[in-house]
file entry.txt (compact mmCIF, C-alpha atoms and all ligand atoms)
# COMPACT_ATOMS: atom_id res chain seq x y z
CA MET N 94 -14.51 -12.17 -20.30
CA LYS N 95 -13.43 -8.59 -19.59
CA ALA N 96 -11.30 -8.35 -16.44
CA GLY N 97 -12.26 -6.19 -13.47
CA THR N 98 -16.02 -6.58 -13.87
CA THR N 99 -18.54 -7.74 -11.28
CA THR N 100 -18.83 -11.05 -13.12
CA SER N 101 -15.13 -11.70 -13.61
CA ILE N 102 -14.13 -10.97 -10.00
CA LYS N 103 -16.46 -13.72 -8.80
CA ARG N 104 -13.57 -16.18 -9.24
CA LEU N 105 -11.74 -14.29 -6.46
CA ILE N 106 -14.59 -14.42 -3.92
CA ARG N 107 -15.55 -17.35 -1.71
CA PRO N 108 -18.97 -18.73 -2.67
CA ASP N 109 -20.29 -18.20 0.89
CA ALA N 110 -18.86 -14.67 1.23
CA PHE N 111 -22.18 -12.84 1.35
CA PRO N 112 -23.73 -11.19 3.24
CA THR N 113 -20.69 -9.28 4.52
CA PRO N 114 -20.54 -7.92 8.09
CA PHE N 115 -20.34 -4.32 6.84
CA CYS N 116 -23.00 -1.74 7.71
CA ALA N 117 -25.05 -0.28 4.86
CA GLY N 118 -22.97 2.35 3.10
CA CYS N 119 -19.64 1.25 4.56
CA GLY N 120 -16.76 2.23 2.28
CA HIS N 121 -14.92 -0.99 3.16
CA GLY N 122 -17.33 -2.89 0.86
CA ILE N 123 -16.31 -0.65 -2.05
CA LEU N 124 -12.64 -1.16 -1.20
CA MET N 125 -13.16 -4.92 -0.94
CA GLY N 126 -14.34 -4.98 -4.57
CA THR N 127 -11.75 -2.48 -5.78
CA ILE N 128 -8.82 -4.58 -4.53
CA LEU N 129 -10.29 -7.61 -6.32
CA ARG N 130 -10.72 -5.63 -9.54
CA ALA N 131 -7.06 -4.59 -9.40
CA ILE N 132 -5.97 -8.22 -8.90
CA ASP N 133 -8.28 -9.49 -11.63
CA MET N 134 -7.06 -6.89 -14.12
CA LEU N 135 -3.48 -7.98 -13.41
CA GLY N 136 -4.59 -11.53 -14.26
CA TRP N 137 -3.22 -12.83 -10.97
CA ASP N 138 -4.24 -16.07 -9.36
CA MET N 139 -5.20 -16.13 -5.66
CA ASP N 140 -3.03 -19.24 -5.18
CA GLU N 141 0.08 -17.08 -5.29
CA MET N 142 -1.28 -14.58 -2.73
CA LEU N 143 -1.64 -14.32 1.03
CA PHE N 144 -3.83 -11.70 2.72
CA VAL N 145 -3.09 -10.72 6.30
CA SER N 146 -5.45 -8.59 8.37
CA GLY N 147 -5.86 -7.64 12.01
CA ILE N 148 -8.97 -7.03 14.11
CA GLY N 149 -11.48 -4.36 13.09
CA CYS N 150 -14.01 -3.83 10.28
CA GLY N 151 -11.06 -3.35 7.88
CA GLY N 152 -9.82 -6.78 8.88
CA TRP N 153 -12.98 -8.34 7.44
CA ILE N 154 -12.20 -7.10 3.92
CA PRO N 155 -10.14 -10.17 2.93
CA SER N 156 -11.22 -12.59 5.63
CA PRO N 157 -13.38 -14.61 5.12
CA HIS N 158 -14.43 -13.12 1.77
CA TYR N 159 -11.45 -13.58 -0.56
CA ALA N 160 -10.94 -16.99 -2.17
CA ALA N 161 -7.34 -17.02 -1.01
CA ASP N 162 -5.26 -17.93 2.02
CA THR N 163 -6.11 -15.32 4.64
CA LEU N 164 -4.52 -14.82 8.04
CA HIS N 165 -6.81 -12.94 10.44
CA VAL N 166 -4.45 -12.08 13.27
CA THR N 167 -4.33 -10.08 16.50
CA HIS N 168 -5.17 -6.37 16.50
CA GLY N 169 -2.21 -4.26 15.39
CA ARG N 170 0.00 -7.14 14.31
CA PRO N 171 -0.73 -7.86 10.63
CA VAL N 172 2.52 -6.30 9.36
CA ALA N 173 4.51 -8.47 11.80
CA PHE N 174 2.71 -11.68 10.76
CA ALA N 175 3.01 -10.72 7.08
CA THR N 176 6.76 -10.13 7.48
CA GLY N 177 7.15 -13.63 8.92
CA ALA N 178 5.12 -15.19 6.11
CA LYS N 179 7.09 -13.34 3.44
CA LEU N 180 10.43 -14.37 4.96
CA HIS N 181 9.26 -17.98 5.09
CA ASN N 182 8.02 -18.02 1.50
CA PRO N 183 9.43 -15.13 -0.57
CA ALA N 184 7.48 -16.33 -3.65
CA LEU N 185 4.17 -15.35 -1.99
CA LYS N 186 2.63 -12.00 -2.82
CA VAL N 187 1.74 -10.84 0.67
CA VAL N 188 -0.92 -8.15 1.13
CA VAL N 189 -1.82 -6.55 4.45
CA ILE N 190 -5.26 -4.94 4.78
CA GLY N 191 -6.10 -3.11 8.00
CA GLY N 192 -7.89 -0.19 9.55
CA ASP N 193 -6.24 3.06 10.63
CA GLY N 194 -6.43 1.90 14.26
CA ASP N 195 -5.00 -1.49 13.42
CA LEU N 196 -2.10 -0.15 11.33
CA ALA N 197 -1.38 3.30 12.77
CA SER N 198 -2.42 3.14 16.42
CA ILE N 199 -1.64 -0.18 18.12
CA GLY N 200 0.24 -1.31 14.99
CA GLY N 201 2.08 1.95 14.37
CA ASN N 202 5.51 0.59 15.24
CA HIS N 203 5.20 -2.38 12.91
CA LEU N 204 4.10 -0.03 10.15
CA ILE N 205 7.07 2.34 10.37
CA HIS N 206 9.62 -0.43 10.87
CA GLY N 207 8.20 -2.38 7.93
CA ALA N 208 8.67 0.77 5.85
CA ARG N 209 12.16 1.34 7.30
CA ARG N 210 13.21 -2.19 6.36
CA ASN N 211 11.44 -1.84 3.01
CA THR N 212 9.95 -5.31 3.53
CA ASP N 213 8.42 -6.61 0.32
CA LEU N 214 4.74 -6.18 1.28
CA THR N 215 1.71 -4.36 -0.07
CA VAL N 216 -0.04 -2.62 2.82
CA ILE N 217 -3.53 -1.20 2.28
CA CYS N 218 -4.93 1.01 5.02
CA ALA N 219 -8.74 1.24 5.06
CA ASN N 220 -8.83 4.62 6.79
CA ASN N 221 -12.28 5.52 8.10
CA ARG N 222 -10.71 7.86 10.66
CA THR N 223 -12.23 6.01 13.60
CA TYR N 224 -12.32 2.68 15.44
CA GLY N 225 -15.40 1.60 13.52
CA MET N 226 -15.89 -1.88 14.95
CA THR N 227 -15.67 -0.92 18.61
CA GLY N 228 -18.04 2.03 18.65
CA GLY N 229 -16.28 4.96 16.98
CA GLN N 230 -13.40 6.03 19.21
CA VAL N 231 -10.70 8.54 18.16
CA THR N 232 -7.71 7.23 16.18
CA PRO N 233 -4.38 8.73 15.08
CA THR N 234 -5.97 9.75 11.76
CA THR N 235 -9.09 11.44 13.16
CA PRO N 236 -8.99 15.05 11.94
CA GLN N 237 -8.49 17.76 14.55
CA GLY N 238 -11.87 18.98 15.74
CA ALA N 239 -13.79 15.88 14.56
CA ARG N 240 -16.26 14.39 17.00
CA THR N 241 -15.90 10.75 18.04
CA LEU N 242 -17.22 8.63 20.89
CA THR N 243 -14.17 9.56 22.99
CA THR N 244 -13.87 13.16 21.78
CA PRO N 245 -17.50 14.37 21.88
CA ASP N 246 -16.37 18.01 21.89
CA GLY N 247 -13.94 17.54 19.00
CA ASN N 248 -10.54 15.86 18.70
CA PRO N 249 -7.95 18.18 20.29
CA ASP N 250 -4.99 16.42 18.65
CA ARG N 251 -3.39 16.67 15.22
CA PRO N 252 -3.69 13.55 13.06
CA PHE N 253 -0.87 11.60 11.48
CA ASP N 254 -0.38 12.09 7.76
CA LEU N 255 0.13 8.36 7.18
CA CYS N 256 1.55 8.74 3.67
CA ARG N 257 4.19 11.21 4.79
CA LEU N 258 4.94 9.05 7.83
CA VAL N 259 5.66 5.86 5.87
CA ALA N 260 7.41 7.82 3.11
CA ALA N 261 9.76 9.34 5.71
CA ALA N 262 10.34 5.86 7.15
CA GLY N 263 11.50 4.57 3.77
CA ALA N 264 8.56 2.99 1.89
CA SER N 265 9.20 2.52 -1.81
CA TYR N 266 5.67 3.23 -3.09
CA VAL N 267 3.13 5.45 -1.30
CA ALA N 268 -0.27 6.65 -2.53
CA ARG N 269 -3.54 7.93 -1.14
CA TYR N 270 -7.02 7.91 -2.65
CA SER N 271 -10.55 7.45 -1.35
CA VAL N 272 -13.31 5.00 -2.22
CA TYR N 273 -14.73 7.78 -4.43
CA HIS N 274 -11.62 7.68 -6.67
CA ILE N 275 -12.02 4.17 -8.04
CA ARG N 276 -10.05 4.37 -11.30
CA PRO N 277 -6.88 6.00 -9.91
CA LEU N 278 -7.23 3.77 -6.86
CA ILE N 279 -7.24 0.63 -9.03
CA ARG N 280 -4.10 1.88 -10.82
CA ALA N 281 -2.39 2.66 -7.50
CA LEU N 282 -3.28 -0.77 -6.11
CA GLN N 283 -1.92 -2.45 -9.24
CA THR N 284 1.33 -0.48 -8.93
CA ALA N 285 1.60 -1.31 -5.23
CA LEU N 286 0.98 -5.00 -5.87
CA GLN N 287 3.64 -5.21 -8.57
CA HIS N 288 6.28 -2.92 -7.10
CA PRO N 289 9.03 -4.52 -4.97
CA GLY N 290 9.58 -3.32 -1.41
CA PHE N 291 7.19 -1.79 1.11
CA CYS N 292 4.21 -0.37 -0.78
CA PHE N 293 1.55 1.58 1.08
CA VAL N 294 -1.85 2.65 -0.21
CA GLU N 295 -4.04 4.68 2.12
CA VAL N 296 -7.71 4.58 1.19
CA LEU N 297 -10.16 6.98 2.82
CA SER N 298 -13.25 4.89 3.48
CA GLY N 299 -16.60 6.22 4.64
CA CYS N 300 -18.07 5.08 7.96
CA PRO N 301 -21.52 6.68 8.07
CA THR N 302 -22.43 4.62 11.15
CA GLN N 303 -19.72 5.78 13.56
CA TYR N 304 -17.80 8.69 12.02
CA GLY N 305 -20.30 10.25 9.65
CA ARG N 306 -23.25 10.45 12.02
CA ARG N 307 -21.18 12.34 14.62
CA ASN N 308 -19.79 14.76 12.03
CA ASP N 309 -22.88 15.69 10.00
CA ILE N 310 -21.89 13.41 7.07
CA ASP N 311 -24.54 10.91 7.94
CA SER N 312 -25.42 9.10 4.72
CA PRO N 313 -23.37 6.90 2.41
CA ALA N 314 -23.88 9.36 -0.47
CA ALA N 315 -22.86 12.30 1.73
CA MET N 316 -19.63 10.48 2.61
CA LEU N 317 -18.79 9.97 -1.06
CA ARG N 318 -19.61 13.63 -1.80
CA TYR N 319 -17.36 14.62 1.10
CA PHE N 320 -14.44 12.71 -0.41
CA ARG N 321 -15.15 14.20 -3.83
CA ASP N 322 -15.37 17.78 -2.57
CA HIS N 323 -12.49 17.70 -0.07
CA SER N 324 -9.85 15.94 -2.17
CA VAL N 325 -7.01 17.85 -3.80
CA ASN N 326 -4.48 16.29 -6.12
CA ILE N 327 -0.91 16.36 -4.86
CA ALA N 328 0.22 18.38 -7.89
CA ARG N 329 -2.27 21.16 -7.04
CA ALA N 330 -1.68 20.91 -3.29
CA GLN N 331 1.93 22.03 -3.75
CA PHE N 332 0.68 25.51 -4.61
CA MET N 333 -1.81 25.77 -1.71
CA THR N 334 -1.20 27.22 1.74
CA GLU N 335 -1.47 25.26 4.99
CA THR N 336 -4.70 27.11 5.78
CA GLU N 337 -6.19 26.25 2.39
CA LEU N 338 -5.26 22.59 2.91
CA ALA N 339 -6.55 22.41 6.50
CA ASP N 340 -9.76 20.50 5.71
CA LYS N 341 -8.51 18.87 2.50
CA ILE N 342 -7.40 15.33 1.70
CA VAL N 343 -4.32 15.32 -0.52
CA ILE N 344 -4.58 12.45 -2.99
CA GLY N 345 -2.14 11.00 -5.49
CA GLU N 346 1.21 9.24 -5.49
CA PHE N 347 3.62 10.48 -2.81
CA VAL N 348 6.52 8.11 -3.53
CA ARG N 349 7.12 6.10 -6.65
C1 LIG N 401 -4.94 -5.91 21.73
C2 LIG N 401 -6.32 -5.42 21.42
N1 LIG N 401 -6.67 -4.17 21.79
C3 LIG N 401 -7.90 -3.70 21.51
C4 LIG N 401 -8.80 -4.50 20.86
C5 LIG N 401 -10.20 -3.97 20.59
N2 LIG N 401 -10.33 -3.56 19.23
C6 LIG N 401 -10.77 -4.41 18.26
S1 LIG N 401 -10.91 -3.67 16.77
C7 LIG N 401 -10.38 -2.19 17.40
C8 LIG N 401 -10.29 -0.95 16.57
C9 LIG N 401 -10.71 -1.10 15.15
O1 LIG N 401 -10.47 0.09 14.46
P1 LIG N 401 -9.69 0.10 13.11
O2 LIG N 401 -8.46 -0.72 13.17
O3 LIG N 401 -9.50 1.53 12.73
O4 LIG N 401 -10.65 -0.64 12.10
P2 LIG N 401 -12.17 -0.33 11.68
O5 LIG N 401 -13.03 -1.18 12.56
O6 LIG N 401 -12.42 1.13 11.86
O7 LIG N 401 -12.20 -0.74 10.23
C10 LIG N 401 -10.11 -2.28 18.75
C11 LIG N 401 -9.65 -1.15 19.59
C12 LIG N 401 -8.40 -5.79 20.48
N3 LIG N 401 -9.20 -6.62 19.80
N4 LIG N 401 -7.15 -6.22 20.76

call {"tool": "encode", "arguments": {"input": "entry.txt", "output": "structure tokens"}}
result
Amino acid sequence: MKAGTTTSIKRLIRPDAFPTPFCAGCGHGILMGTILRAIDMLGWDMDEMLFVSGIGCGGWIPSPHYAADTLHVTHGRPVAFATGAKLHNPALKVVVIGGDGDLASIGGNHLIHGARRNTDLTVICANNRTYGMTGGQVTPTTPQGARTLTTPDGNPDRPFDLCRLVAAAGASYVARYSVYHIRPLIRALQTALQHPGFCFVEVLSGCPTQYGRRNDIDSPAAMLRYFRDHSVNIARAQFMTETELADKIVIGEFVR
């Protein structure tokens, strides 16, 4: 059977996984399948893997859907729990999956110190630019000017560039794509899974329910079109001005 297909990834999903808790059109569902395709195409077995996630919609991606050991831990702490698990059993391939709030807001310190120590983890950030599960509050990755539940007149603050943040902290592999960019995303996930050290993949994921509806991107298709039309490859971005890049998402591999 060809690897990475809807049929072949069934072996990686718990039989009672569906329906998922995701809203219609949530990008996390696409990411959930994309991670499994990457694992399936590597020919890996779930028995050698551990998935660690915190609280939030992103935390539901592995748990309880993946047919693997999954640790669903406190909000903001998945990198800390994953570090402990990896130290206890270095043979495990430990993968953290969390939202931008989980990993960059309450969990921001664990993220940068994991990168600084270059802990052997794969960290996947499902970045929907909002606290999706709790009603759509502002997060450290919400673009300046974007409307959220807590910034109805537009976010006054600058967002973190998570890839540059973890790269500066010392991560050994760093990439960013969106759920629109499935093929390069699969390749980046495969690299991150295989590469030793702290590997970080940021994945822009559409949240039509909380983020999109407040920012005039209010359908699942519109969210995917937004990612398509606002993404610029890192090679091209080098020749663009700050003004030209203001509303763009730079995608590609930042550290390899
Ligand atoms: C210590 C603690 N603080 C706050 C919360 C409430 N809480 C649960 S999920 C969440 C934010 C989720 O946002 P994010 O991590 O970005 O994931 P998303 O739901 O958007 O995928 C918050 C604030 C909590 N459960 N625990």

call {"tool": "closest_atom_pairs", "arguments": {"input": "entry.txt", "of": "chain N", "to": "ligand LIG 401 (chain N)", "cutoff": "7 Å", "atoms": "all atoms listed in the file", "output": "JSON lines"}}
result
{"residue": "N:Ile148", "atom": "CA", "partner": "N:LIG401", "partner_atom": "S1", "distance": 4.7}
{"residue": "N:Gly149", "atom": "CA", "partner": "N:LIG401", "partner_atom": "O5", "distance": 3.6}
{"residue": "N:Cys150", "atom": "CA", "partner": "N:LIG401", "partner_atom": "O7", "distance": 3.6}
{"residue": "N:Gly151", "atom": "CA", "partner": "N:LIG401", "partner_atom": "O7", "distance": 3.7}
{"residue": "N:Gly152", "atom": "CA", "partner": "N:LIG401", "partner_atom": "O7", "distance": 6.6}
{"residue": "N:Thr167", "atom": "CA", "partner": "N:LIG401", "partner_atom": "N4", "distance": 6.4}
{"residue": "N:His168", "atom": "CA", "partner": "N:LIG401", "partner_atom": "N4", "distance": 4.7}
{"residue": "N:Gly191", "atom": "CA", "partner": "N:LIG401", "partner_atom": "O2", "distance": 6.2}
{"residue": "N:Gly192", "atom": "CA", "partner": "N:LIG401", "partner_atom": "O2", "distance": 3.7}
{"residue": "N:Asp193", "atom": "CA", "partner": "N:LIG401", "partner_atom": "O3", "distance": 4.2}
{"residue": "N:Gly194", "atom": "CA", "partner": "N:LIG401", "partner_atom": "O3", "distance": 3.5}
{"residue": "N:Asp195", "atom": "CA", "partner": "N:LIG401", "partner_atom": "O2", "distance": 3.6}
{"residue": "N:Leu196", "atom": "CA", "partner": "N:LIG401", "partner_atom": "O2", "distance": 6.6}
{"residue": "N:Ala219", "atom": "CA", "partner": "N:LIG401", "partner_atom": "O7", "distance": 6.5}
{"residue": "N:Asn220", "atom": "CA", "partner": "N:LIG401", "partner_atom": "O3", "distance": 6.7}
{"residue": "N:Asn221", "atom": "CA", "partner": "N:LIG401", "partner_atom": "O6", "distance": 5.8}
{"residue": "N:Arg222", "atom": "CA", "partner": "N:LIG401", "partner_atom": "O3", "distance": 6.8}
{"residue": "N:Thr223", "atom": "CA", "partner": "N:LIG401", "partner_atom": "O6", "distance": 5.2}
{"residue": "N:Tyr224", "atom": "CA", "partner": "N:LIG401", "partner_atom": "O1", "distance": 3.3}
{"residue": "N:Gly225", "atom": "CA", "partner": "N:LIG401", "partner_atom": "O6", "distance": 3.4}
{"residue": "N:Met226", "atom": "CA", "partner": "N:LIG401", "partner_atom": "O5", "distance": 3.8}
{"residue": "N:Thr227", "atom": "CA", "partner": "N:LIG401", "partner_atom": "C7", "distance": 5.6}
{"residue": "N:Thr232", "atom": "CA", "partner": "N:LIG401", "partner_atom": "O3", "distance": 6.9}

call {"tool": "atom_distance", "arguments": {"input": "entry.txt", "atom1": "atom CA of Trp137 of chain N", "atom2": "atom CA of Leu164 of chain N"}}
result
19.2 Å

call {"tool": "residues_around", "arguments": {"input": "entry.txt", "residues": "segment 175-184 of chain N", "least_positions_apart": "4", "cutoff": "10 Å", "atoms": "all atoms listed in the file", "output": "MDAnalysis selection string"}}
result
chainID N and resid 141:146 164 166 170:171 188:189 203 207 212:216

call {"tool": "closest_residue", "arguments": {"input": "entry.txt", "among": "N:Asp246, N:Asp311, N:Asp254, N:Asp133", "to": "Lys103 of chain N", "atoms": "only C-alpha atoms"}}
result
N:Asp133

call {"tool": "closest_residue", "arguments": {"input": "entry.txt", "among": "N:Leu278, N:Glu335, N:Tyr273, N:Tyr304", "to": "His323 of chain N", "atoms": "all atoms listed in the file"}}
result
N:Tyr273

call {"tool": "closest_residue", "arguments": {"input": "entry.txt", "among": "N:Asn326, N:Thr284, N:Ser298, N:Thr334", "to": "Leu135 of chain N", "atoms": "only C-alpha atoms"}}
result
N:Thr284

call {"tool": "residues_around", "arguments": {"input": "entry.txt", "residues": "Val348 of chain N", "least_positions_apart": "6", "cutoff": "9 Å", "atoms": "only C-alpha atoms", "output": "ChimeraX atom specification"}}
result
/N:256,260,264-268

call {"tool": "atom_distance", "arguments": {"input": "entry.txt", "atom1": "atom CA of Gly345 of chain N", "atom2": "atom CA of Ile132 of chain N"}}
result
19.9 Å

call {"tool": "residues_around", "arguments": {"input": "entry.txt", "residues": "Gln283 of chain N", "least_positions_apart": "4", "cutoff": "7 Å", "atoms": "all atoms listed in the file", "output": "PyMOL selection string"}}
result
chain N and resi 131+279+287

call {"tool": "write_last_selection", "arguments": {"input": "entry.txt", "atoms": "C-alpha atoms", "output": "CSV table (one decimal), in the coordinates of the input"}}
result
chain,number,residue,atom,x,y,z
N,131,ALA,CA,-7.1,-4.6,-9.4
N,279,ILE,CA,-7.2,0.6,-9.0
N,287,GLN,CA,3.6,-5.2,-8.6

call {"tool": "closest_residue", "arguments": {"input": "entry.txt", "among": "N:Gly247, N:Pro313, N:Gly201, N:Gly305", "to": "Val259 of chain N", "atoms": "all atoms listed in the file"}}
result
N:Gly201

call {"tool": "closest_residue", "arguments": {"input": "entry.txt", "among": "N:Ile217, N:Val187, N:Ala239, N:Ile205", "to": "Gly263 of chain N", "atoms": "all atoms listed in the file"}}
result
N:Ile205

call {"tool": "closest_residue", "arguments": {"input": "entry.txt", "among": "N:Pro249, N:Gly169, N:Gly229, N:Pro155", "to": "Arg107 of chain N", "atoms": "only C-alpha atoms"}}
result
N:Pro155

call {"tool": "residues_around", "arguments": {"input": "entry.txt", "residues": "Lys95 of chain N", "least_positions_apart": "5", "cutoff": "10 Å", "atoms": "all atoms listed in the file", "output": "PyMOL selection string"}}
result
chain N and resi 100-102+133-134

call {"tool": "atom_distance", "arguments": {"input": "entry.txt", "atom1": "atom CA of Ile190 of chain N", "atom2": "atom CA of Ser324 of chain N"}}
result
22.5 Å

call {"tool": "closest_atom_pairs", "arguments": {"input": "entry.txt", "of": "segment 108-185 of chain N", "to": "segment 300-303 of chain N", "cutoff": "9 Å", "atoms": "all atoms listed in the file", "output": "tab-separated table"}}
result
residue	atom	partner	partner_atom	distance
N:Cys116	CA	N:Thr302	CA	7.3
N:Ala117	CA	N:Thr302	CA	8.4
N:Gly118	CA	N:Pro301	CA	6.7
N:Cys119	CA	N:Cys300	CA	5.4
N:Gly120	CA	N:Cys300	CA	6.5
N:His121	CA	N:Cys300	CA	8.4

call {"tool": "residues_around", "arguments": {"input": "entry.txt", "residues": "Gln237 of chain N", "least_positions_apart": "5", "cutoff": "10 Å", "atoms": "only C-alpha atoms", "output": "MDAnalysis selection string"}}
result
chainID N and resid 247:252 339:340
